[in-house]
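Working notes, beginning with the structure itself.
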Amino acid sequence: MAQLTYRESVSLAIAQAMRKDPKVFFIGEDVGAAGGVFKATVGLLDEFGKERVMDAPISEQAILGAAMGAAMTGLRPIAEIMFSDFLAVCWDIIANQIAKTRYMSDGQINIPLVIRTANGGGSKFGAQHSQSLENWSMMIPGLKVVAPSCASDVLGLMDASVKDPDPVIFYEHKSLYASKEQLENTNLSIPLGQANILHEGADITIIGLALMAQRSKKAAQILKEKHNINAKVIDLRTLVPLDLQTIKRSIIETGLVITVEENPRLCGWGAEISSLITEHCFSNLKGPVTRVTTPHVPLPSADILEDNTIPSVDLIINEVIKKVKGE
Amino acid sequence: MEDKLNDDIGEAKRLQLWEMMLKLRLVEKKAYDLFLQNLIKGTSHLALGQEAIAGAFGVALQEGDYTFCTYRGHAHTLARGSSIEGVLGELMGRQCGLMKGKGGSMHLTDVEKGVMGSYAIIGAHLTIANGTALASKYNKTKEVSVCFFGDGTTNIGAFHEALNMAKIWDLPIVFVCENNLYMEYTAISEVTAVEHPAADRASAYSLDKIIVDGNDADEMYRTAQTAIKKARDGHGPSLIEAKTYRHSGHSRADPGKYRPDEEVKDWMENKDPIKNYRKKLLEFNIDEKTITGIESKIQQQVEDAINISKNSPIPDIKEIYTDVWADGGYKWHN
C-alpha cells in the first residue's frame, strides 16, 4: 500500500513505461536535470540517463517534430509540452503532421507518440498558462485525447497511451498534481475509451473530466448528504476514444444529465456529448442537457476572478438541484 | 576541364545521374500534360529545372536512408526509386498510387523506399527529419536523414528550431535548401535579410557555409556525398544551399510572370541541368548511343507507367473511412 500524489504518479508512470520498453524515451524542456517545472519528472534523468531523458531547448515545434520523426521509425517517445497553452506554438506539428500522416500515407506510417502537458486552471497563472484545451485536440481526426483525474488513472492511462499505436495527447491537470491516492498496486493499465464511475446515483448523471470530474464527485457527495439527491458521476477519462455506452446506460437510468467543463462554452466537448445524447437517448431524456462551462472569456488571474470563472463545487450543486427540481 | 583532370565520379555513376535526372524531367513534363488533359486534379508543384539536386542525392543515398521533401516532391520521391506509376497514379487519384489517392501530389510517401513523406506546411518537415535522425542516433544505427526544402523555408521559425536542435545533438542529417530564387511569387532577395538565405544563416548554428551550383549534377553529387558521409560517420549535420531555378511557375495556377524574361531565358538556355549534363557526358567521351539509349528507355518507362495509371481503378469509396487509426478504422466512440 503506497500513498501516491498525482505528480508522483506521472514520473512513476513514465519510469515504468521506460523500464518495460527500451523504445520509450522522454523529451521536453526542463524535464531532466530540473525534474520538470511541476516536479512531475523528478528522478527520471538519474535512472535513465541523458540518452533517454532529453532536455530540449525552448523549441516546441522541434520537440514535437523530433518526437514524431522518431515515432515514425517505431520508437515510442513521450514528449512534454510544459503548459498546454504552448500547444498553440506547435499546433502545425500536432494538427497537420502528427494527426494526419497515418491517413495521408494510407497507413504506411504509424505514430506511437504521447504528448503530455500540464493543463487547466486553479493556479492563478492568467489566461496563457491556465487553459483547458482538450477541445482543441478532440476536434482533429487522428488524435486520441486523455485527461486523468487521479493518480491511479495517470498510471493506468499512461501505460495504455504509451502502448497505443496512435498519437495521444495526455492532459495532466495542474490543480490535481498535489492530490493523493492510496494505491495497492502501481502497475496499472486502463484501456483508452473506458469511462469511470466516480459516484453512484440514479437521480441525475453528471459528466466531467479531470478536475471537473473530481469537483463533480465532491458535489455528488454533498448532494447526497445534504440534499438527498443521488447523482451518478461519470469521469470520461478519455474524450477520444469516447465511452458513449457508459453515458447511454446512465441516461437510460436517470433521464437527466449535466456536463461540467473547465473550458469556455463555445464548441466545448460537452456540446458534442450533448449532441450525441440527443441523437442516441432522446426518448430517455426528462429534460434538456445542461452544460456547465466557464463563461466565454479568457481566464482572469486574480483569486476571486479565477475562482468565479471556473465551475466550482457549489455551482455544480446548484445546477444539479435546479435540474432535479425541474427549474 | 577540371573534371577531366579529376574524374572522381566515373562513367557508371554519371550515367546513373543522367538516367535519374531524365526520369525526373520526363515524369514532371508528363504530369503537366496530364493536368492539361484533366487527368490530374488539384494542384501540383513541378520541379522542372531542379532535377540535379534530387537526382544527385538519389544516387548518393543508400537503402534505408530517410528522405523528407516538400509539396514540390515528385522528383525527390522518384529519386529514391519509387515507381513512376506510384507517383503518377497518386497524382491521378488511382489505386496504383503510392497512397491510393489519399494523399495526393503534395504528400507523396513511400516508406519502403525511405520516402518519409512530402510535407505541405513550410518548415515542419525539418523538425520531423530530426526525429528520424534522432532515432538513428538512439538506436546506434547508420541511416542518414536528408531533408529538402525551398528558399522560402529559411524565413519560418521551424527552420531555425530544427537547425539548432540538429546541431546541439549532432544528428546524422543533411538539410538541403533548393534556392530557386523565388519563394512562391516573390523574389527571395526582397524578403530576406541576407544574400544567401540558408548559407548565411549556417554560422548561427555553428554549421559550415556551403553553397553549390544546384544545376551541376557532378558538383551536386560531390557535395551530397561529402555531407552524407559526414552524417553517417557521426560528425553531425550539414546545411547545403543549392542554387537552382524552376522552369515553370510556383504551382499549376502560376504562369510565373513576375520573373524577368531575360532571367528565365538565361536559366532555360544556358543553365539547364539536363542540357548541360548531356554536353558534359559527350565531353567525357561517353558514346552518344548510350546516352540516347537511356533516353529511349526512360521514355518507354514513363509511357508504360502512364498506361498503368490510366488503367488503374479509382479508389473504393470505402477508403474514406480507413487508416485514421492503426487498427485501420476511424471510429472514435463505442
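Residues in the C-alpha cells are named by chain (A, B, ... in the order shown) and by number from 1 within that chain; ligands are numbered from 1 in the order shown.
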
* DSSP strand (DSSP E or B) residues within stretch 91-321 of chain B, listed as number ranges by chain -> B: 110, 115-119, 145-150, 173-179, 182-183, 186-187, 210-213, 238-243

Create the file for the chosen residues now, containing N, CA and C atoms and written as a CSV table (one decimal), in the first residue's frame.
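Printed below is result.csv as written:
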chain,number,residue,atom,x,y,z
B,110,ASP,N,6.5,6.9,-49.4
B,110,ASP,CA,6.8,5.6,-49.8
B,110,ASP,C,7.9,5.0,-48.8
B,115,VAL,N,11.1,7.1,-48.3
B,115,VAL,CA,10.5,8.4,-48.6
B,115,VAL,C,9.5,8.6,-47.5
B,116,MET,N,9.9,9.4,-46.4
B,116,MET,CA,9.2,9.5,-45.2
B,116,MET,C,8.1,10.6,-45.3
B,117,GLY,N,7.7,11.0,-46.5
B,117,GLY,CA,6.6,11.9,-46.7
B,117,GLY,C,7.0,13.2,-47.4
B,118,SER,N,6.0,13.8,-48.0
B,118,SER,CA,6.2,15.1,-48.6
B,118,SER,C,5.3,16.0,-47.8
B,119,TYR,N,5.8,17.2,-47.4
B,119,TYR,CA,5.1,18.0,-46.4
B,119,TYR,C,4.7,19.3,-47.0
B,145,SER,N,19.5,10.9,-42.5
B,145,SER,CA,18.2,11.6,-42.9
B,145,SER,C,18.6,12.8,-43.8
B,146,VAL,N,17.8,13.0,-44.8
B,146,VAL,CA,18.1,14.1,-45.7
B,146,VAL,C,16.7,14.9,-45.8
B,147,CYS,N,16.8,16.2,-45.7
B,147,CYS,CA,15.6,17.0,-45.7
B,147,CYS,C,15.7,18.1,-46.8
B,148,PHE,N,14.9,18.0,-47.8
B,148,PHE,CA,14.9,19.1,-48.9
B,148,PHE,C,13.8,20.1,-48.6
B,149,PHE,N,14.2,21.4,-48.9
B,149,PHE,CA,13.2,22.4,-48.7
B,149,PHE,C,13.6,23.6,-49.6
B,150,GLY,N,12.7,24.6,-49.7
B,150,GLY,CA,13.0,25.7,-50.6
B,150,GLY,C,13.5,26.9,-49.9
B,173,ILE,N,22.1,14.2,-40.1
B,173,ILE,CA,21.1,14.8,-41.0
B,173,ILE,C,21.7,15.8,-42.0
B,174,VAL,N,21.2,15.8,-43.2
B,174,VAL,CA,21.6,16.8,-44.2
B,174,VAL,C,20.4,17.6,-44.6
B,175,PHE,N,20.5,18.9,-44.3
B,175,PHE,CA,19.5,19.9,-44.8
B,175,PHE,C,19.8,20.4,-46.1
B,176,VAL,N,18.9,20.4,-47.1
B,176,VAL,CA,19.2,20.8,-48.4
B,176,VAL,C,18.3,21.9,-48.8
B,177,CYS,N,18.8,23.1,-48.9
B,177,CYS,CA,17.9,24.2,-49.3
B,177,CYS,C,18.1,24.4,-50.9
B,178,GLU,N,17.0,24.2,-51.6
B,178,GLU,CA,17.0,24.4,-53.0
B,178,GLU,C,16.6,25.9,-53.2
B,179,ASN,N,17.6,26.7,-53.5
B,179,ASN,CA,17.3,28.1,-53.6
B,179,ASN,C,17.0,28.4,-55.1
B,182,TYR,N,13.0,32.2,-55.9
B,182,TYR,CA,11.7,32.8,-55.6
B,182,TYR,C,11.0,32.0,-54.5
B,183,MET,N,10.5,32.7,-53.5
B,183,MET,CA,9.6,32.0,-52.6
B,183,MET,C,8.2,32.2,-53.1
B,186,THR,N,7.4,35.6,-55.0
B,186,THR,CA,8.2,36.8,-54.6
B,186,THR,C,9.7,36.5,-54.6
B,187,ALA,N,10.5,37.4,-55.2
B,187,ALA,CA,11.9,37.1,-55.2
B,187,ALA,C,12.4,37.0,-53.7
B,210,ILE,N,27.8,26.4,-46.9
B,210,ILE,CA,28.0,25.5,-48.1
B,210,ILE,C,27.1,26.0,-49.2
B,211,ILE,N,27.7,26.6,-50.3
B,211,ILE,CA,26.9,27.0,-51.4
B,211,ILE,C,27.3,26.2,-52.6
B,212,VAL,N,26.4,25.6,-53.4
B,212,VAL,CA,26.7,24.8,-54.5
B,212,VAL,C,25.9,25.1,-55.7
B,213,ASP,N,26.4,25.0,-56.9
B,213,ASP,CA,25.6,25.1,-58.1
B,213,ASP,C,24.7,23.9,-58.2
B,238,SER,N,24.7,18.9,-41.7
B,238,SER,CA,25.2,19.9,-42.7
B,238,SER,C,24.0,20.6,-43.2
B,239,LEU,N,24.2,21.8,-43.7
B,239,LEU,CA,23.2,22.7,-44.3
B,239,LEU,C,23.8,23.1,-45.7
B,240,ILE,N,23.1,22.7,-46.7
B,240,ILE,CA,23.6,22.9,-48.1
B,240,ILE,C,22.7,23.9,-48.8
B,241,GLU,N,23.2,24.9,-49.4
B,241,GLU,CA,22.3,25.8,-50.2
B,241,GLU,C,22.7,25.5,-51.7
B,242,ALA,N,21.7,25.0,-52.4
B,242,ALA,CA,22.0,24.7,-53.8
B,242,ALA,C,21.2,25.7,-54.7
B,243,LYS,N,22.0,26.4,-55.5
B,243,LYS,CA,21.4,27.5,-56.3
B,243,LYS,C,20.7,26.8,-57.6

Rows by chain and residue number, chain A within 7 Å of chain B, shortest pair, only C-alpha atoms, as a Markdown table:
| residue | atom | partner | partner_atom | distance |
| --- | --- | --- | --- | --- |
| A:Ser59 | CA | B:Glu161 | CA | 5.8 |
| A:Gln61 | CA | B:Ala158 | CA | 6.3 |
| A:Ala62 | CA | B:Thr127 | CA | 4.9 |
| A:Gly65 | CA | B:Ile128 | CA | 4.1 |
| A:Ala66 | CA | B:Gly131 | CA | 3.6 |
| A:Ala67 | CA | B:Gly131 | CA | 5.8 |
| A:Met68 | CA | B:Ile128 | CA | 6.1 |
| A:Gly69 | CA | B:Gly131 | CA | 3.7 |
| A:Ala70 | CA | B:Gly131 | CA | 4.4 |
| A:Thr73 | CA | B:Thr132 | CA | 6.5 |
| A:Ile93 | CA | B:Ala124 | CA | 6.5 |
| A:Arg102 | CA | B:Val324 | CA | 6.3 |
| A:Tyr103 | CA | B:Val324 | CA | 5.0 |
| A:Met104 | CA | B:Gly103 | CA | 4.4 |
| A:Ser105 | CA | B:Met99 | CA | 5.5 |
| A:Asp106 | CA | B:Met99 | CA | 4.9 |
| A:Gly107 | CA | B:Asp323 | CA | 5.3 |
| A:Gln108 | CA | B:Val111 | CA | 6.5 |
| A:Asn110 | CA | B:Ala326 | CA | 6.5 |
| A:Gly142 | CA | B:Val324 | CA | 5.5 |
| A:Pro165 | CA | B:Ala326 | CA | 6.0 |
| A:Asp166 | CA | B:Ala326 | CA | 6.2 |
| A:Val240 | CA | B:Trp332 | CA | 5.8 |
| A:Pro241 | CA | B:Trp332 | CA | 4.7 |
| A:Leu242 | CA | B:His333 | CA | 4.5 |
| A:Asp243 | CA | B:Asn334 | CA | 5.7 |
| A:Leu244 | CA | B:Asn334 | CA | 5.7 |
| A:Gln245 | CA | B:Asn334 | CA | 6.3 |

* **Residue nearest B:Ile53 - candidates B:Asp200, B:Glu11, B:Asp216, B:Asp151, atoms counted: only C-alpha atoms** =>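 Smallest separation from B:Ile53 among the options: B:Asp216.
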
* Which parts of stretch 28-247 of chain B does DSSP call alpha helix (DSSP H) when run on the backbone here, written out as a ChimeraX atom specification? -> /B:28-36,51-60,74-79,84-91,124-139,157-168,199-202,217-232

* B:Leu17: which residues within 7 Å, counting only C-alpha atoms, same-chain residues fewer than 5 positions away excluded, as an NGL selection string? -> :B and (55-56 or 59)

Selection from above, N, CA and C atoms, as a PDB file, in the first residue's frame, can you write it?
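Printed below is part25.pdb as written:
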ATOM      1  N   GLY B  55      18.193  14.390 -57.921  1.00  0.00           N
ATOM      2  CA  GLY B  55      18.861  13.317 -58.652  1.00  0.00           C
ATOM      3  C   GLY B  55      20.177  12.916 -58.008  1.00  0.00           C
ATOM      4  N   ALA B  56      20.985  13.900 -57.683  1.00  0.00           N
ATOM      5  CA  ALA B  56      22.296  13.612 -57.097  1.00  0.00           C
ATOM      6  C   ALA B  56      22.145  12.919 -55.743  1.00  0.00           C
ATOM      7  N   VAL B  59      21.118   9.299 -56.121  1.00  0.00           N
ATOM      8  CA  VAL B  59      22.228   8.402 -56.471  1.00  0.00           C
ATOM      9  C   VAL B  59      23.159   8.203 -55.268  1.00  0.00           C
TER      10      VAL B  59
END

* Asked: For B:Lys229, which of B:Gln301, B:Thr67, B:Gln62, B:Thr43 is the closest residue, counting only C-alpha atoms?
  ->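 Under the stated criterion, the closest residue is B:Gln62.
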
* To do: Could you please determine the separation between atom CA of A:Ile190 and atom CA of A:Met158 in Å, to one decimal place?
  =>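 Spanning atom CA of A:Ile190 to atom CA of A:Met158 is a straight-line distance of 8.4 Å.
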
* What is the atom CA of B:Leu281-atom CA of B:His45 distance in Å, reported with one decimal? ->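 Atom CA of B:His45 lies 29.1 Å from atom CA of B:Leu281.
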
* Shell around A:Glu184 at 8 Å using only C-alpha atoms, local window under 2 positions removed, as a count of residues only -> 4

* **A:Pro300 environment, 9 Å, only C-alpha atoms, sequence neighbours closer than 4 positions dropped, as a list in words** =>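 Near A:Pro300, the qualifying residues are Lys124, Phe125, Gly126, Ala127, Leu305, Glu306 and Thr309 of chain A.
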
* To do: Find the residues around A:Gln3 up to 10 Å (only C-alpha atoms counted), leave out those fewer than 6 positions away in its own chain, and share them as a PyMOL selection string.
  => chain A and resi 9+151+180-184

Any chance you could export the current selection's C-alpha atoms as a CSV table (one decimal), in the first residue's frame?
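Once written, result_26.csv looks like this:
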chain,number,residue,atom,x,y,z
A,9,SER,CA,2.4,9.0,-10.4
A,151,ALA,CA,-3.1,9.2,-9.5
A,180,LYS,CA,-3.2,11.9,-3.2
A,181,GLU,CA,-4.4,8.4,-3.5
A,182,GLN,CA,-3.8,5.1,-1.6
A,183,LEU,CA,-2.7,2.5,-4.1
A,184,GLU,CA,-2.1,-1.2,-3.5

* Selected residue, from A:Ala178, A:Val24, A:Ile317, A:Val168, that lies nearest to A:Leu75 when counting only C-alpha atoms -> A:Val24

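Closest approach to B:Phe68 among B:Val144, B:Lys29, B:Asp287, B:Pro260: B:Val144, based on only C-alpha atoms.
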
Identify, on the basis of only C-alpha atoms, every residue whose closest approach to B:Glu184 does not exceed 12 Å; exclude the query and any residue fewer than 2 positions from it along the same chain; express the result as a PDB file with C-alpha atoms, in the first residue's frame.
ATOM      1  CA  HIS B  45       4.313  21.984 -57.867  1.00  0.00           C
ATOM      2  CA  ARG B  72       7.379  20.050 -54.636  1.00  0.00           C
ATOM      3  CA  ILE B 122       6.542  25.118 -44.846  1.00  0.00           C
ATOM      4  CA  GLY B 150      12.952  25.697 -50.617  1.00  0.00           C
ATOM      5  CA  ASP B 151      14.487  29.108 -50.017  1.00  0.00           C
ATOM      6  CA  GLY B 152      11.234  30.436 -48.560  1.00  0.00           C
ATOM      7  CA  THR B 153      11.530  27.957 -45.698  1.00  0.00           C
ATOM      8  CA  ASN B 179      17.286  28.118 -53.644  1.00  0.00           C
ATOM      9  CA  ASN B 180      15.337  28.687 -56.852  1.00  0.00           C
ATOM     10  CA  LEU B 181      15.394  32.444 -56.192  1.00  0.00           C
ATOM     11  CA  TYR B 182      11.668  32.777 -55.602  1.00  0.00           C
ATOM     12  CA  THR B 186       8.192  36.820 -54.637  1.00  0.00           C
ATOM     13  CA  ALA B 187      11.933  37.137 -55.155  1.00  0.00           C
ATOM     14  CA  ILE B 188      13.586  35.683 -52.048  1.00  0.00           C
ATOM     15  CA  VAL B 191      12.064  39.322 -48.236  1.00  0.00           C
ATOM     16  CA  ARG B 246      12.367  26.343 -61.589  1.00  0.00           C
ATOM     17  CA  SER B 248       7.691  26.702 -64.524  1.00  0.00           C
ATOM     18  CA  GLY B 249       5.642  28.751 -62.085  1.00  0.00           C
ATOM     19  CA  HIS B 250       5.256  28.047 -58.381  1.00  0.00           C
ATOM     20  CA  SER B 251       2.261  25.804 -58.912  1.00  0.00           C
ATOM     21  CA  ARG B 252      -0.185  24.772 -61.547  1.00  0.00           C
ATOM     22  CA  ALA B 253      -2.057  28.060 -61.335  1.00  0.00           C
ATOM     23  CA  ASP B 254       1.035  30.255 -61.699  1.00  0.00           C
ATOM     24  CA  PRO B 255       2.398  31.301 -65.096  1.00  0.00           C
ATOM     25  CA  GLY B 256       5.407  32.862 -63.329  1.00  0.00           C
ATOM     26  CA  LYS B 257       5.063  36.290 -64.934  1.00  0.00           C
ATOM     27  CA  TYR B 258       6.830  38.027 -62.057  1.00  0.00           C
ATOM     28  CA  ARG B 259      10.192  36.776 -63.336  1.00  0.00           C
TER      29      ARG B 259
END

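Interatomic distance, atom CA of A:Ala202 to atom CA of A:Thr254: 5.1 Å.
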
* To do: Give the answer as one residue: which of B:Asp33, B:Glu143, B:Glu63, B:Glu51 has the shortest atom-to-atom distance to B:Ile228, using only C-alpha atoms?
  =>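 Ranking B:Asp33, B:Glu143, B:Glu63, B:Glu51 by distance to B:Ile228, first place goes to B:Glu143.
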